[in-house]
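Participant: My structure file target19.pdb, PDB, C-alpha atoms, is below:
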ATOM      1  CA  MET A   1      20.148  16.736   9.796
ATOM      2  CA  ILE A   2      17.977  14.812   7.323
ATOM      3  CA  LEU A   3      18.484  11.589   9.243
ATOM      4  CA  SER A   4      17.334  13.240  12.469
ATOM      5  CA  VAL A   5      13.890  14.203  11.115
ATOM      6  CA  PRO A   6      11.257  12.132  12.939
ATOM      7  CA  ASP A   7       9.267   9.477  11.076
ATOM      8  CA  TYR A   8       5.892  10.942  10.109
ATOM      9  CA  SER A   9       4.627   7.892   8.232
ATOM     10  CA  ARG A  10       2.228   6.887  11.034
ATOM     11  CA  ASP A  11       0.446  10.217  10.548
ATOM     12  CA  PHE A  12      -0.710   9.250   7.056
ATOM     13  CA  LEU A  13      -0.731   5.454   7.399
ATOM     14  CA  ASP A  14      -3.090   5.527  10.376
ATOM     15  CA  PHE A  15      -5.318   8.100   8.700
ATOM     16  CA  ASP A  16      -5.454   6.115   5.433
ATOM     17  CA  LEU A  17      -6.290   2.819   7.153
ATOM     18  CA  GLU A  18      -8.899   3.824   9.712
ATOM     19  CA  PRO A  19     -12.565   4.209   8.828
ATOM     20  CA  ARG A  20     -13.558   7.843   9.032
ATOM     21  CA  PRO A  21     -16.836   9.577   8.509
ATOM     22  CA  GLU A  22     -16.198  12.730   6.512
ATOM     23  CA  GLN A  23     -18.664  14.583   8.737
ATOM     24  CA  ASP A  24     -16.273  14.151  11.660
ATOM     25  CA  ALA A  25     -15.274  17.620  12.884
ATOM     26  CA  GLU A  26     -11.591  16.635  12.932
ATOM     27  CA  TYR A  27     -11.607  14.889   9.539
ATOM     28  CA  HIS A  28     -10.342  17.775   7.387
ATOM     29  CA  GLU A  29      -7.643  18.751   9.863
ATOM     30  CA  ARG A  30      -6.443  15.136  10.096
ATOM     31  CA  ALA A  31      -6.567  14.817   6.286
ATOM     32  CA  GLU A  32      -4.337  17.874   5.913
ATOM     33  CA  LEU A  33      -1.891  16.516   8.504
ATOM     34  CA  ALA A  34      -1.809  13.137   6.746
ATOM     35  CA  ASP A  35      -1.172  14.773   3.360
ATOM     36  CA  ALA A  36       1.613  16.937   4.779
ATOM     37  CA  ALA A  37       3.184  13.920   6.493
ATOM     38  CA  SER A  38       3.189  11.926   3.243
ATOM     39  CA  ILE A  39       4.890  14.812   1.432
ATOM     40  CA  VAL A  40       7.545  15.093   4.153
ATOM     41  CA  GLU A  41       8.133  11.328   4.080
ATOM     42  CA  ALA A  42       8.489  11.308   0.280
ATOM     43  CA  LEU A  43      10.853  14.274   0.346
ATOM     44  CA  LEU A  44      13.034  12.679   3.005
ATOM     45  CA  ALA A  45      13.344   9.419   1.065
ATOM     46  CA  ALA A  46      14.034  11.197  -2.250
ATOM     47  CA  THR A  47      16.586  13.498  -0.618
ATOM     48  CA  GLN A  48      18.397  10.519   0.857
ATOM     49  CA  ILE A  49      18.424   8.872  -2.591
ATOM     50  CA  PHE A  50      19.876  12.088  -4.037
ATOM     51  CA  ILE A  51      22.565  12.327  -1.357
ATOM     52  CA  TYR A  52      23.630   8.690  -1.609
ATOM     53  CA  ALA A  53      23.274   8.180  -5.379
ATOM     54  CA  ALA A  54      24.030  11.579  -6.913
ATOM     55  CA  LEU A  55      26.405  13.153  -4.419
ATOM     56  CA  ARG A  56      28.130  10.164  -2.820
ATOM     57  CA  GLU A  57      27.924   7.983  -5.970
ATOM     58  CA  ILE A  58      26.841   4.840  -4.138
ATOM     59  CA  PRO A  59      25.866   2.175  -6.722
ATOM     60  CA  PRO A  60      22.083   1.762  -7.195
ATOM     61  CA  THR A  61      22.381  -1.967  -6.455
ATOM     62  CA  VAL A  62      22.921  -1.295  -2.733
ATOM     63  CA  ASN A  63      20.038  -2.611  -0.594
ATOM     64  CA  LEU A  64      19.542   0.832   0.957
ATOM     65  CA  PHE A  65      17.893   2.042  -2.251
ATOM     66  CA  GLY A  66      15.315  -0.743  -2.137
ATOM     67  CA  ILE A  67      14.371   0.367   1.373
ATOM     68  CA  LEU A  68      14.168   4.026   0.357
ATOM     69  CA  LEU A  69      12.133   3.180  -2.763
ATOM     70  CA  GLU A  70       9.629   1.241  -0.679
ATOM     71  CA  ARG A  71       9.390   4.078   1.823
ATOM     72  CA  LEU A  72       8.875   6.529  -1.032
ATOM     73  CA  ARG A  73       6.213   4.428  -2.719
ATOM     74  CA  VAL A  74       4.259   4.031   0.531
ATOM     75  CA  ALA A  75       4.255   7.821   0.910
ATOM     76  CA  LEU A  76       3.035   8.373  -2.658
ATOM     77  CA  ASP A  77       0.778   5.385  -3.332
ATOM     78  CA  ARG A  78      -1.858   5.987  -0.672
ATOM     79  CA  PRO A  79      -5.209   4.202  -0.957
ATOM     80  CA  SER A  80      -8.034   6.459  -2.188
ATOM     81  CA  ILE A  81      -5.722   9.498  -2.245
ATOM     82  CA  CYS A  82      -4.637  11.178  -5.491
ATOM     83  CA  MET A  83      -0.989  12.161  -5.059
ATOM     84  CA  VAL A  84      -1.250  14.746  -7.838
ATOM     85  CA  ASN A  85      -4.071  16.514  -5.973
ATOM     86  CA  VAL A  86      -2.164  16.425  -2.678
ATOM     87  CA  TRP A  87       1.021  17.851  -4.176
ATOM     88  CA  THR A  88      -0.888  20.386  -6.320
ATOM     89  CA  LYS A  89      -2.647  21.687  -3.220
ATOM     90  CA  ALA A  90       0.759  22.040  -1.548
ATOM     91  CA  LYS A  91       2.115  23.788  -4.685
ATOM     92  CA  ASN A  92       4.943  21.243  -4.989
ATOM     93  CA  MET A  93       4.465  19.728  -8.452
ATOM     94  CA  ASN A  94       8.040  20.365  -9.618
ATOM     95  CA  ILE A  95       9.341  18.753  -6.456
ATOM     96  CA  LEU A  96       7.042  15.751  -6.956
ATOM     97  CA  LEU A  97       8.464  15.404 -10.464
ATOM     98  CA  TRP A  98      11.995  15.446  -9.012
ATOM     99  CA  VAL A  99      10.986  12.879  -6.345
ATOM    100  CA  ILE A 100       9.746  10.457  -9.002
ATOM    101  CA  VAL A 101      12.837  10.928 -11.176
ATOM    102  CA  MET A 102      15.015  10.278  -8.125
ATOM    103  CA  ALA A 103      13.146   7.014  -7.566
ATOM    104  CA  LEU A 104      13.603   6.009 -11.194
ATOM    105  CA  SER A 105      17.293   6.849 -11.034
ATOM    106  CA  VAL A 106      17.879   3.954  -8.614
ATOM    107  CA  ALA A 107      14.996   1.601  -9.455
ATOM    108  CA  ASP A 108      16.787  -1.138 -11.369
ATOM    109  CA  ALA A 109      14.665  -2.573 -14.198
ATOM    110  CA  LYS A 110      15.837  -6.129 -13.450
ATOM    111  CA  SER A 111      15.175  -6.207  -9.729
ATOM    112  CA  CYS A 112      12.192  -3.829  -9.651
ATOM    113  CA  GLY A 113      10.261  -5.136 -12.669
ATOM    114  CA  LYS A 114       6.624  -4.074 -12.359
ATOM    115  CA  ARG A 115       7.508  -1.686  -9.558
ATOM    116  CA  ARG A 116       9.693   0.288 -11.980
ATOM    117  CA  THR A 117       6.778   0.400 -14.397
ATOM    118  CA  TRP A 118       4.704   1.969 -11.628
ATOM    119  CA  TRP A 119       7.277   4.772 -11.301
ATOM    120  CA  VAL A 120       7.432   5.259 -15.080
ATOM    121  CA  GLY A 121       3.628   5.474 -15.157
ATOM    122  CA  ARG A 122       3.592   8.126 -12.441
ATOM    123  CA  LEU A 123       6.246  10.142 -14.281
ATOM    124  CA  SER A 124       4.230   9.882 -17.497
ATOM    125  CA  GLU A 125       1.060  11.035 -15.713
ATOM    126  CA  LEU A 126       2.819  13.931 -14.055
ATOM    127  CA  ALA A 127       4.671  15.030 -17.200
ATOM    128  CA  ASN A 128       1.348  15.125 -19.036
ATOM    129  CA  ASN A 129      -0.256  17.133 -16.202
ATOM    130  CA  LEU A 130       2.618  19.621 -16.321
ATOM    131  CA  ASP A 131       2.643  19.662 -20.146
ATOM    132  CA  ILE A 132       6.252  18.445 -20.322
ATOM    133  CA  ARG A 133       6.881  17.120 -23.839
ATOM    134  CA  SER A 134      10.625  16.397 -23.965
ATOM    135  CA  HIS A 135      13.504  15.318 -21.796
ATOM    136  CA  THR A 136      14.917  18.846 -22.225
ATOM    137  CA  GLU A 137      11.761  20.333 -20.677
ATOM    138  CA  LEU A 138      11.971  17.721 -17.913
ATOM    139  CA  GLU A 139      15.601  18.694 -17.293
ATOM    140  CA  GLN A 140      14.680  22.383 -17.047
ATOM    141  CA  VAL A 141      12.154  21.620 -14.303
ATOM    142  CA  LEU A 142      14.517  19.316 -12.398
ATOM    143  CA  GLU A 143      17.272  21.936 -12.469
ATOM    144  CA  THR A 144      15.026  24.183 -10.348
ATOM    145  CA  VAL A 145      14.960  21.581  -7.555
ATOM    146  CA  ALA A 146      18.299  19.764  -7.163
ATOM    147  CA  TRP A 147      20.626  18.885 -10.009
ATOM    148  CA  THR A 148      24.110  17.642 -10.785
ATOM    149  CA  ASP A 149      25.173  17.321 -14.412
ATOM    150  CA  ALA A 150      27.321  14.289 -13.696
ATOM    151  CA  TYR A 151      24.384  12.346 -12.284
ATOM    152  CA  PHE A 152      21.396  13.368 -14.399
ATOM    153  CA  THR A 153      22.791  14.094 -17.866
ATOM    154  CA  GLY A 154      23.324  10.481 -18.960
ATOM    155  CA  MET A 155      20.335   9.039 -17.140
ATOM    156  CA  LEU A 156      17.552  11.484 -17.987
ATOM    157  CA  PRO A 157      17.277  10.716 -21.726
ATOM    158  CA  ARG A 158      16.943   6.986 -20.896
ATOM    159  CA  ILE A 159      14.225   7.667 -18.334
ATOM    160  CA  TRP A 160      12.384   9.883 -20.827
ATOM    161  CA  GLU A 161      12.610   7.128 -23.443
ATOM    162  CA  GLU A 162      11.003   4.725 -20.950
ATOM    163  CA  VAL A 163       8.186   7.214 -20.412
ATOM    164  CA  LYS A 164       7.565   7.427 -24.168
ATOM    165  CA  GLU A 165       7.637   3.607 -24.499
ATOM    166  CA  TYR A 166       5.200   3.311 -21.590
ATOM    167  CA  GLU A 167       2.833   5.810 -23.210
ATOM    168  CA  MET A 168       2.956   3.942 -26.534
ATOM    169  CA  THR A 169       2.183   0.681 -24.725
ATOM    170  CA  MET A 170      -0.736   2.261 -22.871
ATOM    171  CA  GLU A 171      -2.012   3.792 -26.101
ATOM    172  CA  GLY A 172      -1.805   0.390 -27.824
ATOM    173  CA  GLU A 173      -3.621  -1.340 -24.969
ATOM    174  CA  SER A 174      -6.322   1.334 -24.988
ATOM    175  CA  TRP A 175      -6.756   0.941 -28.740
ATOM    176  CA  LEU A 176      -7.040  -2.849 -28.388
ATOM    177  CA  LEU A 177      -9.605  -2.532 -25.608
ATOM    178  CA  ASP A 178     -11.621  -0.095 -27.726
ATOM    179  CA  ILE A 179     -11.685  -2.564 -30.625
ATOM    180  CA  MET A 180     -12.590  -5.487 -28.381
ATOM    181  CA  GLY A 181     -15.257  -3.468 -26.574
ATOM    182  CA  SER A 182     -16.902  -2.319 -29.791
ATOM    183  CA  GLY A 183     -17.409  -5.879 -31.005
ATOM    184  CA  HIS A 184     -14.965  -5.564 -33.915
ATOM    185  CA  GLY A 185     -12.220  -8.101 -34.275
TER     186      GLY A 185
END
In structure tokens, write the structure found in this file.

Facilitator:
Amino acid sequence: MILSVPDYSRDFLDFDLEPRPEQDAEYHERAELADAASIVEALLAATQIFIYAALREIPPTVNLFGILLERLRVALDRPSICMVNVWTKAKNMNILLWVIVMALSVADAKSCGKRRTWWVGRLSELANNLDIRSHTELEQVLETVAWTDAYFTGMLPRIWEEVKEYEMTMEGESWLLDIMGSGHG
């Protein structure tokens, strides 16, 4: 059934790429359709990752996951659109959190490099927005969406550790920029 859902990516890609005066009578309706299409596209990709990785136990090195990760990132990383605002408006923040964790579950650090860092950064941002302070709190939220102990239990603490390392790095870079900007050092 999931594989038979039509591709809605054109609905948000075309909207995001075309110039549009915000006074246009159809602008807000088209913006809502584009936002909904990006959510559907992200959910489809994350659900396929869940089915193949968590339920069917296909190794994350399979090329399929690279394709699904790219599809997912395109749906979430839209130019001039804040994904947190889009998903908040749709009242889907817990599902967005699950979507990002699903991406991280198959995004190999070696082959994804900076792309994995992008996912870790989004998870950090979202966890802070939702006031999630531990991997246990993260687990509690994910359990309300879709969960299997066998898949998530070993992986989630490692992902949370990456989030904490990312935040420390960002904090250090911010501190360094503050010192350099103030003329000290």

Participant: Residues at most 7 Å from range 27-44 of chain A, counting only C-alpha atoms, excluding those fewer than 4 positions away in the same chain, as an mmCIF file with C-alpha atoms, in the coordinates of the input?

Facilitator:
data_model
loop_
_atom_site.group_PDB
_atom_site.id
_atom_site.type_symbol
_atom_site.label_atom_id
_atom_site.label_comp_id
_atom_site.auth_asym_id
_atom_site.auth_seq_id
_atom_site.Cartn_x
_atom_site.Cartn_y
_atom_site.Cartn_z
ATOM 1 C CA ILE A 2 17.977 14.812 7.323
ATOM 2 C CA TYR A 8 5.892 10.942 10.109
ATOM 3 C CA SER A 9 4.627 7.892 8.232
ATOM 4 C CA ASP A 11 0.446 10.217 10.548
ATOM 5 C CA PHE A 12 -0.710 9.250 7.056
ATOM 6 C CA PHE A 15 -5.318 8.100 8.700
ATOM 7 C CA GLU A 22 -16.198 12.730 6.512
ATOM 8 C CA GLN A 48 18.397 10.519 0.857
ATOM 9 C CA LEU A 72 8.875 6.529 -1.032
ATOM 10 C CA ALA A 75 4.255 7.821 0.910
ATOM 11 C CA LEU A 76 3.035 8.373 -2.658
ATOM 12 C CA VAL A 86 -2.164 16.425 -2.678
ATOM 13 C CA VAL A 99 10.986 12.879 -6.345
#

Participant: What's the separation between CA of Ala107 in chain A and CA of Val84 in chain A, in Å to one decimal place?

Facilitator: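 Distance reported for this atom pair: 21.0 Å.
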
Participant: Assuming the chain letters and numbering stay as they are in my file, what does the PyMOL selection byres ((chain A and resi 60) around 12) actually select? List them as a PyMOL selection string.

Facilitator: chain A and resi 49-50+52-54+56-59+61-69+102-112+151

Participant: Exactly which residues make up the result of the PyMOL selection byres ((chain A and resi 128-130) around 10) on this file, given as a PyMOL selection string?

Facilitator: chain A and resi 84+93-94+97+122-127+131-133+138+141

Participant: Between A:Ala46, A:Ala90, A:Val101, A:Met168, which has the minimum distance to Glu139 in chain A (counting all atoms listed in the file)?

Facilitator: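 When distances to Glu139 in chain A are compared using all atoms listed in the file, the smallest one comes from A:Val101.
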
Participant: Work out how far CA of Met83 in chain A is from CA of Asp24 in chain A, in Å to one decimal.

Facilitator: 22.7 Å

Participant: For a test of reading the model, state the distance in Å between CA of Thr88 in chain A and CA of Leu142 in chain A, rounded to one decimal.

Facilitator: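 So the answer is 16.6 Å.
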
Participant: Go through A:Val120, A:Leu55, A:Ile81, A:Leu13 one by one, measure the shortest atom-to-atom distance of each to Thr169 in chain A using only C-alpha atoms, and give the residue with the smallest value.

Facilitator: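 With only C-alpha atoms as the atom set, the closest residue is A:Val120.
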
Participant: Just checking: using only C-alpha atoms, which residue out of A:Cys82, A:Ile159, A:Ala45, A:Ile100 ends up closest to Glu70 in chain A?

Facilitator: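 Once distances to Glu70 in chain A are computed over only C-alpha atoms, the minimum belongs to A:Ala45.
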
Participant: Give the answer as one residue: which of A:Ile51, A:Ile95, A:Val74, A:Ala25 has the shortest atom-to-atom distance to Arg10 in chain A, using all atoms listed in the file?

Facilitator: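 Selected residue with least distance to Arg10 in chain A: A:Val74.
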
Participant: Would you mind completing range 104-137 of chain A to N, CA and C atoms and writing the output as a PDB file, in the coordinates of the input?

Facilitator:
ATOM      1  N   LEU A 104      13.240   6.719  -9.962  1.00  0.00           N
ATOM      2  CA  LEU A 104      13.603   6.009 -11.194  1.00  0.00           C
ATOM      3  C   LEU A 104      15.113   5.910 -11.390  1.00  0.00           C
ATOM      4  N   SER A 105      15.841   6.859 -10.849  1.00  0.00           N
ATOM      5  CA  SER A 105      17.293   6.849 -11.034  1.00  0.00           C
ATOM      6  C   SER A 105      17.956   5.660 -10.339  1.00  0.00           C
ATOM      7  N   VAL A 106      17.298   5.096  -9.326  1.00  0.00           N
ATOM      8  CA  VAL A 106      17.879   3.954  -8.614  1.00  0.00           C
ATOM      9  C   VAL A 106      17.038   2.682  -8.712  1.00  0.00           C
ATOM     10  N   ALA A 107      15.859   2.783  -9.312  1.00  0.00           N
ATOM     11  CA  ALA A 107      14.996   1.601  -9.455  1.00  0.00           C
ATOM     12  C   ALA A 107      15.493   0.776 -10.635  1.00  0.00           C
ATOM     13  N   ASP A 108      16.207  -0.274 -10.346  1.00  0.00           N
ATOM     14  CA  ASP A 108      16.787  -1.138 -11.369  1.00  0.00           C
ATOM     15  C   ASP A 108      15.680  -1.909 -12.083  1.00  0.00           C
ATOM     16  N   ALA A 109      15.698  -1.898 -13.404  1.00  0.00           N
ATOM     17  CA  ALA A 109      14.665  -2.573 -14.198  1.00  0.00           C
ATOM     18  C   ALA A 109      14.630  -4.077 -13.924  1.00  0.00           C
ATOM     19  N   LYS A 110      15.787  -4.675 -13.673  1.00  0.00           N
ATOM     20  CA  LYS A 110      15.837  -6.129 -13.450  1.00  0.00           C
ATOM     21  C   LYS A 110      15.241  -6.514 -12.098  1.00  0.00           C
ATOM     22  N   SER A 111      15.639  -5.815 -11.059  1.00  0.00           N
ATOM     23  CA  SER A 111      15.175  -6.207  -9.729  1.00  0.00           C
ATOM     24  C   SER A 111      13.822  -5.604  -9.372  1.00  0.00           C
ATOM     25  N   CYS A 112      13.454  -4.492 -10.009  1.00  0.00           N
ATOM     26  CA  CYS A 112      12.192  -3.829  -9.651  1.00  0.00           C
ATOM     27  C   CYS A 112      11.030  -4.227 -10.556  1.00  0.00           C
ATOM     28  N   GLY A 113      11.292  -4.660 -11.766  1.00  0.00           N
ATOM     29  CA  GLY A 113      10.261  -5.136 -12.669  1.00  0.00           C
ATOM     30  C   GLY A 113       9.032  -4.250 -12.735  1.00  0.00           C
ATOM     31  N   LYS A 114       7.892  -4.800 -12.303  1.00  0.00           N
ATOM     32  CA  LYS A 114       6.624  -4.074 -12.359  1.00  0.00           C
ATOM     33  C   LYS A 114       6.643  -2.831 -11.484  1.00  0.00           C
ATOM     34  N   ARG A 115       7.425  -2.871 -10.418  1.00  0.00           N
ATOM     35  CA  ARG A 115       7.508  -1.686  -9.558  1.00  0.00           C
ATOM     36  C   ARG A 115       8.126  -0.513 -10.311  1.00  0.00           C
ATOM     37  N   ARG A 116       9.105  -0.785 -11.168  1.00  0.00           N
ATOM     38  CA  ARG A 116       9.693   0.288 -11.980  1.00  0.00           C
ATOM     39  C   ARG A 116       8.650   0.843 -12.946  1.00  0.00           C
ATOM     40  N   THR A 117       7.841  -0.040 -13.497  1.00  0.00           N
ATOM     41  CA  THR A 117       6.778   0.400 -14.397  1.00  0.00           C
ATOM     42  C   THR A 117       5.824   1.345 -13.673  1.00  0.00           C
ATOM     43  N   TRP A 118       5.563   1.079 -12.399  1.00  0.00           N
ATOM     44  CA  TRP A 118       4.704   1.969 -11.628  1.00  0.00           C
ATOM     45  C   TRP A 118       5.307   3.378 -11.596  1.00  0.00           C
ATOM     46  N   TRP A 119       6.608   3.469 -11.345  1.00  0.00           N
ATOM     47  CA  TRP A 119       7.277   4.772 -11.301  1.00  0.00           C
ATOM     48  C   TRP A 119       7.232   5.460 -12.666  1.00  0.00           C
ATOM     49  N   VAL A 120       7.475   4.698 -13.726  1.00  0.00           N
ATOM     50  CA  VAL A 120       7.432   5.259 -15.080  1.00  0.00           C
ATOM     51  C   VAL A 120       6.023   5.784 -15.368  1.00  0.00           C
ATOM     52  N   GLY A 121       5.008   5.039 -14.968  1.00  0.00           N
ATOM     53  CA  GLY A 121       3.628   5.474 -15.157  1.00  0.00           C
ATOM     54  C   GLY A 121       3.322   6.763 -14.425  1.00  0.00           C
ATOM     55  N   ARG A 122       3.829   6.892 -13.195  1.00  0.00           N
ATOM     56  CA  ARG A 122       3.592   8.126 -12.441  1.00  0.00           C
ATOM     57  C   ARG A 122       4.303   9.305 -13.099  1.00  0.00           C
ATOM     58  N   LEU A 123       5.522   9.064 -13.603  1.00  0.00           N
ATOM     59  CA  LEU A 123       6.246  10.142 -14.281  1.00  0.00           C
ATOM     60  C   LEU A 123       5.507  10.553 -15.552  1.00  0.00           C
ATOM     61  N   SER A 124       5.001   9.593 -16.290  1.00  0.00           N
ATOM     62  CA  SER A 124       4.230   9.882 -17.497  1.00  0.00           C
ATOM     63  C   SER A 124       3.003  10.726 -17.167  1.00  0.00           C
ATOM     64  N   GLU A 125       2.260  10.309 -16.148  1.00  0.00           N
ATOM     65  CA  GLU A 125       1.060  11.035 -15.713  1.00  0.00           C
ATOM     66  C   GLU A 125       1.401  12.468 -15.321  1.00  0.00           C
ATOM     67  N   LEU A 126       2.430  12.619 -14.545  1.00  0.00           N
ATOM     68  CA  LEU A 126       2.819  13.931 -14.055  1.00  0.00           C
ATOM     69  C   LEU A 126       3.345  14.819 -15.182  1.00  0.00           C
ATOM     70  N   ALA A 127       4.155  14.254 -16.065  1.00  0.00           N
ATOM     71  CA  ALA A 127       4.671  15.030 -17.200  1.00  0.00           C
ATOM     72  C   ALA A 127       3.509  15.531 -18.061  1.00  0.00           C
ATOM     73  N   ASN A 128       2.519  14.685 -18.274  1.00  0.00           N
ATOM     74  CA  ASN A 128       1.348  15.125 -19.036  1.00  0.00           C
ATOM     75  C   ASN A 128       0.589  16.221 -18.306  1.00  0.00           C
ATOM     76  N   ASN A 129       0.423  16.091 -16.987  1.00  0.00           N
ATOM     77  CA  ASN A 129      -0.256  17.133 -16.202  1.00  0.00           C
ATOM     78  C   ASN A 129       0.481  18.465 -16.260  1.00  0.00           C
ATOM     79  N   LEU A 130       1.804  18.399 -16.303  1.00  0.00           N
ATOM     80  CA  LEU A 130       2.618  19.621 -16.321  1.00  0.00           C
ATOM     81  C   LEU A 130       2.953  20.079 -17.744  1.00  0.00           C
ATOM     82  N   ASP A 131       2.416  19.363 -18.732  1.00  0.00           N
ATOM     83  CA  ASP A 131       2.643  19.662 -20.146  1.00  0.00           C
ATOM     84  C   ASP A 131       4.128  19.645 -20.512  1.00  0.00           C
ATOM     85  N   ILE A 132       4.838  18.645 -19.996  1.00  0.00           N
ATOM     86  CA  ILE A 132       6.252  18.445 -20.322  1.00  0.00           C
ATOM     87  C   ILE A 132       6.306  17.473 -21.491  1.00  0.00           C
ATOM     88  N   ARG A 133       6.911  17.899 -22.599  1.00  0.00           N
ATOM     89  CA  ARG A 133       6.881  17.120 -23.839  1.00  0.00           C
ATOM     90  C   ARG A 133       8.234  16.581 -24.291  1.00  0.00           C
ATOM     91  N   SER A 134       9.304  16.885 -23.555  1.00  0.00           N
ATOM     92  CA  SER A 134      10.625  16.397 -23.965  1.00  0.00           C
ATOM     93  C   SER A 134      11.515  16.235 -22.744  1.00  0.00           C
ATOM     94  N   HIS A 135      12.593  15.480 -22.937  1.00  0.00           N
ATOM     95  CA  HIS A 135      13.504  15.318 -21.796  1.00  0.00           C
ATOM     96  C   HIS A 135      14.207  16.634 -21.489  1.00  0.00           C
ATOM     97  N   THR A 136      14.329  17.531 -22.470  1.00  0.00           N
ATOM     98  CA  THR A 136      14.917  18.846 -22.225  1.00  0.00           C
ATOM     99  C   THR A 136      14.011  19.669 -21.311  1.00  0.00           C
ATOM    100  N   GLU A 137      12.698  19.622 -21.549  1.00  0.00           N
ATOM    101  CA  GLU A 137      11.761  20.333 -20.677  1.00  0.00           C
ATOM    102  C   GLU A 137      11.778  19.720 -19.273  1.00  0.00           C
TER     103      GLU A 137
END
